[in-house]
file entry_17.cif (mmCIF, C-alpha atoms and all ligand atoms)
data_start
loop_
_atom_site.label_atom_id
_atom_site.label_comp_id
_atom_site.auth_asym_id
_atom_site.auth_seq_id
_atom_site.Cartn_x
_atom_site.Cartn_y
_atom_site.Cartn_z
CA MET S 1 59.47 -21.39 63.95
CA THR S 2 60.41 -24.93 64.96
CA ILE S 3 62.54 -25.32 68.06
CA SER S 4 64.47 -28.59 68.19
CA VAL S 5 64.05 -30.40 71.50
CA GLY S 6 67.47 -31.96 71.03
CA THR S 7 69.24 -34.76 72.82
CA TRP S 8 69.12 -34.98 76.59
CA LEU S 9 70.99 -37.02 79.17
CA ILE S 10 68.89 -37.36 82.30
CA THR S 11 70.30 -39.10 85.37
CA GLY S 12 67.82 -40.87 87.65
CA ALA S 13 65.39 -41.19 84.74
CA ALA S 14 63.55 -44.32 85.91
CA ARG S 15 61.14 -42.53 88.23
CA GLY S 16 60.16 -39.24 89.84
CA LEU S 17 61.14 -35.91 88.37
CA GLY S 18 63.76 -37.45 86.06
CA PHE S 19 61.17 -39.76 84.51
CA GLU S 20 58.68 -36.91 84.04
CA ILE S 21 61.30 -34.76 82.28
CA ALA S 22 62.27 -37.72 80.06
CA ARG S 23 58.65 -38.42 79.20
CA GLU S 24 58.07 -34.81 78.15
CA VAL S 25 61.24 -34.67 76.01
CA LEU S 26 60.24 -37.94 74.30
CA ARG S 27 56.66 -36.71 73.81
CA ARG S 28 58.02 -33.61 72.05
CA GLY S 29 60.15 -35.73 69.74
CA GLY S 30 63.51 -35.28 71.45
CA ARG S 31 66.04 -37.99 72.16
CA VAL S 32 66.84 -39.18 75.67
CA ALA S 33 69.76 -41.00 77.19
CA GLY S 34 68.18 -42.19 80.42
CA ALA S 35 70.83 -42.94 83.02
CA VAL S 36 69.50 -45.38 85.62
CA ARG S 37 71.21 -47.40 88.30
CA ASN S 38 69.02 -50.44 87.57
CA PRO S 39 68.41 -50.87 83.82
CA MET S 40 65.85 -53.61 84.69
CA ALA S 41 63.65 -50.84 86.14
CA SER S 42 63.44 -48.86 82.91
CA ASP S 43 60.24 -50.38 81.46
CA ALA S 44 58.20 -47.21 82.06
CA LEU S 45 60.79 -45.21 80.15
CA LYS S 46 60.83 -47.70 77.27
CA GLY S 47 57.04 -47.58 77.23
CA VAL S 48 56.97 -43.90 76.27
CA ALA S 49 59.74 -43.98 73.63
CA ARG S 50 59.06 -44.84 69.99
CA GLY S 51 62.17 -47.02 69.88
CA PRO S 52 65.94 -47.25 70.34
CA ASP S 53 66.51 -44.34 67.95
CA GLN S 54 64.83 -42.11 70.53
CA LEU S 55 65.84 -43.70 73.84
CA PHE S 56 69.17 -45.07 75.04
CA VAL S 57 69.19 -46.55 78.54
CA VAL S 58 72.62 -46.24 80.09
CA PRO S 59 73.72 -47.72 83.44
CA LEU S 60 74.54 -44.98 85.93
CA SER S 61 77.78 -45.59 87.78
CA SER S 62 79.18 -42.09 87.27
CA THR S 63 77.91 -39.05 85.42
CA ASN S 64 81.12 -38.89 83.36
CA SER S 65 80.81 -42.45 82.05
CA ALA S 66 77.10 -41.90 81.28
CA VAL S 67 78.00 -38.73 79.34
CA GLU S 68 80.65 -40.56 77.32
CA ARG S 69 78.36 -43.49 76.50
CA ALA S 70 75.44 -41.23 75.60
CA ARG S 71 77.62 -39.03 73.36
CA ALA S 72 79.00 -42.10 71.63
CA HIS S 73 75.49 -43.48 71.07
CA PHE S 74 73.78 -40.31 69.82
CA GLY S 75 76.82 -38.48 68.42
CA GLY S 76 76.38 -35.55 70.81
CA LEU S 77 74.36 -34.13 73.68
CA ASP S 78 72.50 -30.84 74.06
CA VAL S 79 71.26 -30.94 77.63
CA LEU S 80 72.42 -32.68 80.82
CA VAL S 81 69.91 -32.98 83.66
CA ASN S 82 71.86 -34.10 86.72
CA ASN S 83 68.76 -35.21 88.60
CA ALA S 84 69.75 -38.42 90.44
CA GLY S 85 69.88 -37.82 94.15
CA TYR S 86 67.97 -38.05 97.37
CA GLY S 87 67.01 -36.03 100.40
CA PHE S 88 68.29 -36.71 103.89
CA LEU S 89 66.14 -35.58 106.80
CA GLY S 90 67.49 -35.51 110.32
CA ALA S 91 69.03 -33.37 113.01
CA VAL S 92 72.71 -32.62 112.35
CA GLU S 93 73.77 -33.94 115.77
CA GLU S 94 71.92 -37.22 115.15
CA ALA S 95 73.28 -37.89 111.66
CA ALA S 96 76.13 -40.37 111.33
CA ASP S 97 79.20 -39.12 109.47
CA GLU S 98 78.76 -41.76 106.76
CA GLU S 99 75.14 -40.68 106.19
CA VAL S 100 76.20 -37.07 105.68
CA GLU S 101 79.15 -38.08 103.49
CA ALA S 102 76.86 -40.29 101.36
CA VAL S 103 74.52 -37.35 100.70
CA PHE S 104 77.44 -35.22 99.53
CA ARG S 105 78.83 -38.06 97.38
CA VAL S 106 75.53 -38.55 95.57
CA ASN S 107 74.10 -35.02 95.51
CA VAL S 108 77.28 -32.99 95.05
CA PHE S 109 80.43 -34.88 94.07
CA ALA S 110 78.70 -37.21 91.59
CA HIS S 111 77.63 -34.11 89.68
CA ILE S 112 81.26 -33.15 89.16
CA GLY S 113 82.22 -36.57 87.90
CA ARG S 114 82.89 -38.83 90.89
CA GLU S 115 81.43 -42.31 91.20
CA LEU S 116 77.89 -42.57 92.50
CA SER S 117 77.26 -44.87 95.39
CA ALA S 118 74.20 -46.14 97.20
CA PRO S 119 72.78 -44.03 100.01
CA VAL S 120 73.29 -45.36 103.53
CA SER S 121 70.00 -46.86 104.76
N1 LIG C 201 60.79 -33.86 95.03
C1 LIG C 201 61.19 -32.78 95.70
O1 LIG C 201 60.42 -32.07 96.35
C2 LIG C 201 62.65 -32.36 95.66
C3 LIG C 201 63.05 -31.21 96.32
C4 LIG C 201 64.40 -30.82 96.26
C5 LIG C 201 65.31 -31.58 95.55
N2 LIG C 201 64.89 -32.70 94.93
C6 LIG C 201 65.88 -33.48 94.20
O2 LIG C 201 65.42 -33.65 92.86
C7 LIG C 201 65.84 -34.93 92.38
C8 LIG C 201 64.63 -35.75 91.94
O3 LIG C 201 63.70 -35.83 93.01
P1 LIG C 201 62.48 -36.85 92.97
O4 LIG C 201 61.44 -36.32 93.88
O5 LIG C 201 62.13 -37.16 91.56
O6 LIG C 201 63.16 -38.10 93.68
P2 LIG C 201 62.84 -39.68 93.54
O7 LIG C 201 61.48 -39.93 93.03
O8 LIG C 201 63.25 -40.27 94.87
O9 LIG C 201 63.87 -40.16 92.42
C9 LIG C 201 65.26 -40.04 92.66
C10 LIG C 201 66.02 -40.58 91.47
O10 LIG C 201 67.41 -40.48 91.79
C11 LIG C 201 68.00 -41.78 91.69
N3 LIG C 201 69.00 -41.98 92.74
C12 LIG C 201 68.87 -41.75 94.06
N4 LIG C 201 69.99 -42.09 94.71
C13 LIG C 201 70.87 -42.55 93.77
C14 LIG C 201 72.19 -43.07 93.80
N5 LIG C 201 72.86 -43.19 94.95
N6 LIG C 201 72.76 -43.46 92.64
C15 LIG C 201 72.09 -43.36 91.48
N7 LIG C 201 70.81 -42.89 91.37
C16 LIG C 201 70.22 -42.49 92.51
C17 LIG C 201 66.85 -42.77 91.88
O11 LIG C 201 67.21 -43.98 91.25
P3 LIG C 201 66.45 -45.36 91.59
O12 LIG C 201 65.17 -45.31 90.79
O13 LIG C 201 67.41 -46.41 91.14
O14 LIG C 201 66.21 -45.38 93.07
C18 LIG C 201 65.71 -42.03 91.18
O15 LIG C 201 65.73 -42.26 89.79
C19 LIG C 201 66.61 -35.60 93.53
O16 LIG C 201 67.98 -35.34 93.35
C20 LIG C 201 66.08 -34.89 94.76
O17 LIG C 201 67.01 -34.90 95.83
C21 LIG C 201 63.59 -33.11 94.96
#

call {"tool": "encode", "arguments": {"input": "entry_17.cif", "output": "structure tokens"}}
result
Amino acid sequence: MTISVGTWLITGAARGLGFEIAREVLRRGGRVAGAVRNPMASDALKGVARGPDQLFVVPLSSTNSAVERARAHFGGLDVLVNNAGYGFLGAVEEAADEEVEAVFRVNVFAHIGRELSAPVS
């Protein structure tokens, strides 16, 4: 029995876990819309795809817009991996409000369609 790998949208696909998932989907013959905040940093992703029929790099400003662009490009999506995000380490009483809010914006609200924004450094 052949199981189709299908078409995946993976946010944060330029590096880390998102890149590894994308690489495996591409290796198995699936199609990947790789949503990245800096399309200039997508060379590694392009290096493992056989061509534009298999990989579509989409700028990541919000998950909703990436979904729409990826669906328009490939004609549909089978799997969404909402991977883009980051960890925030620190004591609650030492964290600034904007640092905590930024974590929730990126790691929670972006996944339900709000705009992504850069983490506070
Ligand atoms: N690794 C772990 O042990 C672990 C544990 C628990 C949860 N997680 C979560 O799993 C996911 C992947 O982890 P990882 O270890 O692969 O992390 P990583 O190597 O730091 O990669 C994070 C990815 O998310 C993207 N990203 C981060 N902040 C963003 C923002 N504000 N807007 C758009 N994209 C953003 C990064 O894009 P750029 O390349 O542009 O920076 C990168 O592609 C993250 O959400 C992380 O919080 C990881």

call {"tool": "atom_distance", "arguments": {"input": "entry_17.cif", "atom1": "atom O12 of ligand LIG 201 (chain C)", "atom2": "CA of Ala91 in chain S"}}
result
25.5 Å

call {"tool": "closest_residue", "arguments": {"input": "entry_17.cif", "among": "S:Val25, S:Arg15, S:Ala33, S:Gly51", "to": "ligand LIG 201 (chain C)", "atoms": "all atoms listed in the file"}}
result
S:Arg15

call {"tool": "closest_residue", "arguments": {"input": "entry_17.cif", "among": "S:Leu60, S:Val81, S:Met40, S:Ala49", "to": "Gly18 in chain S", "atoms": "only C-alpha atoms"}}
result
S:Val81

call {"tool": "residues_near_ligand", "arguments": {"input": "entry_17.cif", "ligand": "ligand LIG 201 (chain C)", "cutoff": "9 Å", "atoms": "all atoms listed in the file", "output": "short mmCIF file (atom, residue, chain, number, x, y, z; two decimals) with C-alpha atoms, in the coordinates of the input"}}
result
data_model
loop_
_atom_site.label_atom_id
_atom_site.label_comp_id
_atom_site.auth_asym_id
_atom_site.auth_seq_id
_atom_site.Cartn_x
_atom_site.Cartn_y
_atom_site.Cartn_z
CA THR S 11 70.30 -39.10 85.37
CA GLY S 12 67.82 -40.87 87.65
CA ALA S 13 65.39 -41.19 84.74
CA ALA S 14 63.55 -44.32 85.91
CA ARG S 15 61.14 -42.53 88.23
CA GLY S 16 60.16 -39.24 89.84
CA LEU S 17 61.14 -35.91 88.37
CA GLY S 18 63.76 -37.45 86.06
CA PHE S 19 61.17 -39.76 84.51
CA GLU S 20 58.68 -36.91 84.04
CA ALA S 35 70.83 -42.94 83.02
CA VAL S 36 69.50 -45.38 85.62
CA ARG S 37 71.21 -47.40 88.30
CA ASN S 38 69.02 -50.44 87.57
CA PRO S 39 68.41 -50.87 83.82
CA ALA S 41 63.65 -50.84 86.14
CA SER S 42 63.44 -48.86 82.91
CA LEU S 60 74.54 -44.98 85.93
CA SER S 61 77.78 -45.59 87.78
CA SER S 62 79.18 -42.09 87.27
CA ASN S 82 71.86 -34.10 86.72
CA ASN S 83 68.76 -35.21 88.60
CA ALA S 84 69.75 -38.42 90.44
CA GLY S 85 69.88 -37.82 94.15
CA TYR S 86 67.97 -38.05 97.37
CA GLY S 87 67.01 -36.03 100.40
CA PHE S 88 68.29 -36.71 103.89
CA ALA S 102 76.86 -40.29 101.36
CA VAL S 103 74.52 -37.35 100.70
CA ARG S 105 78.83 -38.06 97.38
CA VAL S 106 75.53 -38.55 95.57
CA ASN S 107 74.10 -35.02 95.51
CA ALA S 110 78.70 -37.21 91.59
CA GLU S 115 81.43 -42.31 91.20
CA LEU S 116 77.89 -42.57 92.50
CA SER S 117 77.26 -44.87 95.39
CA ALA S 118 74.20 -46.14 97.20
CA PRO S 119 72.78 -44.03 100.01
CA VAL S 120 73.29 -45.36 103.53
#

call {"tool": "atom_distance", "arguments": {"input": "entry_17.cif", "atom1": "CA of Leu45 in chain S", "atom2": "CA of Leu26 in chain S"}}
result
9.3 Å

call {"tool": "residues_around", "arguments": {"input": "entry_17.cif", "residues": "Phe56 in chain S", "least_positions_apart": "4", "cutoff": "8 Å", "atoms": "all atoms listed in the file", "output": "PyMOL selection string"}}
result
chain S and resi 32-34+52+70+73

call {"tool": "residues_near_point", "arguments": {"input": "entry_17.cif", "point": "(67.9, -30.9, 74.2)", "cutoff": "10 Å", "atoms": "only C-alpha atoms", "output": "ChimeraX atom specification"}}
result
/S:3-9,25,30-32,77-81

call {"tool": "atom_distance", "arguments": {"input": "entry_17.cif", "atom1": "CA of Ile10 in chain S", "atom2": "CA of Arg114 in chain S"}}
result
16.5 Å

call {"tool": "decode", "arguments": {"input": "entry_17.cif", "residues": "range 103-119 of chain S", "atoms": "all heavy atoms", "output": "tab-separated table (two decimals), in the first residue's frame"}}
result
chain	number	residue	atom	x	y	z
S	103	VAL	N	5.68	36.46	24.01
S	103	VAL	CA	5.66	35.00	23.97
S	103	VAL	C	4.26	34.50	23.62
S	103	VAL	O	4.09	33.61	22.77
S	103	VAL	CB	6.10	34.39	25.33
S	103	VAL	CG1	5.80	32.91	25.38
S	103	VAL	CG2	7.58	34.63	25.54
S	104	PHE	N	3.24	35.11	24.24
S	104	PHE	CA	1.87	34.68	23.94
S	104	PHE	C	1.47	35.05	22.52
S	104	PHE	O	0.77	34.30	21.85
S	104	PHE	CB	0.90	35.26	24.98
S	104	PHE	CG	0.84	34.45	26.23
S	104	PHE	CD1	1.79	34.61	27.22
S	104	PHE	CD2	-0.13	33.47	26.40
S	104	PHE	CE1	1.77	33.83	28.38
S	104	PHE	CE2	-0.16	32.68	27.54
S	104	PHE	CZ	0.79	32.86	28.54
S	105	ARG	N	1.92	36.22	22.05
S	105	ARG	CA	1.59	36.62	20.66
S	105	ARG	C	2.13	35.60	19.66
S	105	ARG	O	1.43	35.16	18.75
S	105	ARG	CB	2.20	37.99	20.34
S	105	ARG	CG	1.31	39.17	20.67
S	105	ARG	CD	1.71	40.42	19.86
S	105	ARG	NE	3.13	40.73	19.96
S	105	ARG	CZ	3.68	41.43	20.96
S	105	ARG	NH1	2.94	41.91	21.92
S	105	ARG	NH2	4.98	41.67	20.97
S	106	VAL	N	3.40	35.22	19.86
S	106	VAL	CA	4.06	34.33	18.90
S	106	VAL	C	3.63	32.87	19.09
S	106	VAL	O	3.31	32.16	18.13
S	106	VAL	CB	5.60	34.45	19.00
S	106	VAL	CG1	6.29	33.40	18.12
S	106	VAL	CG2	6.04	35.86	18.60
S	107	ASN	N	3.63	32.41	20.34
S	107	ASN	CA	3.43	30.98	20.60
S	107	ASN	C	1.96	30.57	20.72
S	107	ASN	O	1.65	29.38	20.66
S	107	ASN	CB	4.14	30.56	21.89
S	107	ASN	CG	5.66	30.58	21.75
S	107	ASN	OD1	6.18	30.83	20.67
S	107	ASN	ND2	6.36	30.32	22.82
S	108	VAL	N	1.08	31.53	20.94
S	108	VAL	CA	-0.34	31.18	21.13
S	108	VAL	C	-1.22	31.88	20.09
S	108	VAL	O	-1.85	31.23	19.26
S	108	VAL	CB	-0.82	31.53	22.56
S	108	VAL	CG1	-2.31	31.17	22.72
S	108	VAL	CG2	0.02	30.82	23.61
S	109	PHE	N	-1.25	33.22	20.14
S	109	PHE	CA	-2.22	33.93	19.30
S	109	PHE	C	-1.90	33.83	17.81
S	109	PHE	O	-2.82	33.82	16.98
S	109	PHE	CB	-2.36	35.38	19.76
S	109	PHE	CG	-2.94	35.47	21.15
S	109	PHE	CD1	-2.20	35.95	22.20
S	109	PHE	CD2	-4.22	35.00	21.40
S	109	PHE	CE1	-2.71	36.00	23.49
S	109	PHE	CE2	-4.75	35.03	22.68
S	109	PHE	CZ	-4.00	35.54	23.74
S	110	ALA	N	-0.62	33.74	17.45
S	110	ALA	CA	-0.28	33.57	16.03
S	110	ALA	C	-0.88	32.28	15.48
S	110	ALA	O	-1.24	32.19	14.31
S	110	ALA	CB	1.23	33.58	15.84
S	111	HIS	N	-0.99	31.27	16.35
S	111	HIS	CA	-1.50	29.98	15.89
S	111	HIS	C	-3.00	30.00	15.64
S	111	HIS	O	-3.54	29.09	15.03
S	111	HIS	CB	-1.14	28.88	16.90
S	111	HIS	CG	0.34	28.67	17.01
S	111	HIS	ND1	0.91	27.73	17.81
S	111	HIS	CD2	1.38	29.31	16.40
S	111	HIS	CE1	2.22	27.78	17.70
S	111	HIS	NE2	2.52	28.73	16.85
S	112	ILE	N	-3.67	31.03	16.16
S	112	ILE	CA	-5.09	31.16	15.85
S	112	ILE	C	-5.34	32.34	14.90
S	112	ILE	O	-6.43	32.88	14.83
S	112	ILE	CB	-5.96	31.28	17.12
S	112	ILE	CG1	-5.52	32.47	17.98
S	112	ILE	CG2	-5.93	29.98	17.90
S	112	ILE	CD1	-6.46	32.74	19.16
S	113	GLY	N	-4.27	32.73	14.19
S	113	GLY	CA	-4.48	33.63	13.06
S	113	GLY	C	-4.01	35.05	13.21
S	113	GLY	O	-4.06	35.82	12.26
S	114	ARG	N	-3.55	35.45	14.41
S	114	ARG	CA	-3.08	36.84	14.56
S	114	ARG	C	-1.71	37.01	13.92
S	114	ARG	O	-1.01	36.06	13.67
S	114	ARG	CB	-2.99	37.19	16.05
S	114	ARG	CG	-4.23	36.87	16.84
S	114	ARG	CD	-5.24	38.02	16.82
S	114	ARG	NE	-6.52	37.57	17.38
S	114	ARG	CZ	-6.76	37.43	18.67
S	114	ARG	NH1	-5.82	37.71	19.55
S	114	ARG	NH2	-7.92	37.03	19.09
S	115	GLU	N	-1.35	38.28	13.71
S	115	GLU	CA	-0.04	38.60	13.15
S	115	GLU	C	1.08	38.11	14.05
S	115	GLU	O	0.98	38.21	15.29
S	115	GLU	CB	0.12	40.12	13.00
S	115	GLU	CG	-0.71	40.73	11.89
S	115	GLU	CD	-0.17	40.41	10.50
S	115	GLU	OE1	1.03	40.62	10.27
S	115	GLU	OE2	-0.96	39.97	9.64
S	116	LEU	N	2.14	37.59	13.45
S	116	LEU	CA	3.34	37.27	14.21
S	116	LEU	C	4.13	38.55	14.42
S	116	LEU	O	4.02	39.50	13.65
S	116	LEU	CB	4.22	36.29	13.43
S	116	LEU	CG	3.81	34.83	13.52
S	116	LEU	CD1	4.21	34.11	12.26
S	116	LEU	CD2	4.46	34.18	14.73
S	117	SER	N	4.91	38.59	15.46
S	117	SER	CA	5.80	39.74	15.62
S	117	SER	C	7.08	39.26	16.28
S	117	SER	O	7.12	38.20	16.89
S	117	SER	CB	5.15	40.83	16.46
S	117	SER	OG	4.76	40.29	17.69
S	118	ALA	N	8.13	40.04	16.13
S	118	ALA	CA	9.44	39.62	16.63
S	118	ALA	C	9.43	39.52	18.15
S	118	ALA	O	8.77	40.31	18.84
S	118	ALA	CB	10.48	40.62	16.19
S	119	PRO	N	10.17	38.53	18.68
S	119	PRO	CA	10.29	38.45	20.13
S	119	PRO	C	11.05	39.66	20.68
S	119	PRO	O	11.86	40.25	19.99
S	119	PRO	CB	11.08	37.15	20.35
S	119	PRO	CG	11.74	36.85	19.06
S	119	PRO	CD	10.91	37.47	17.99
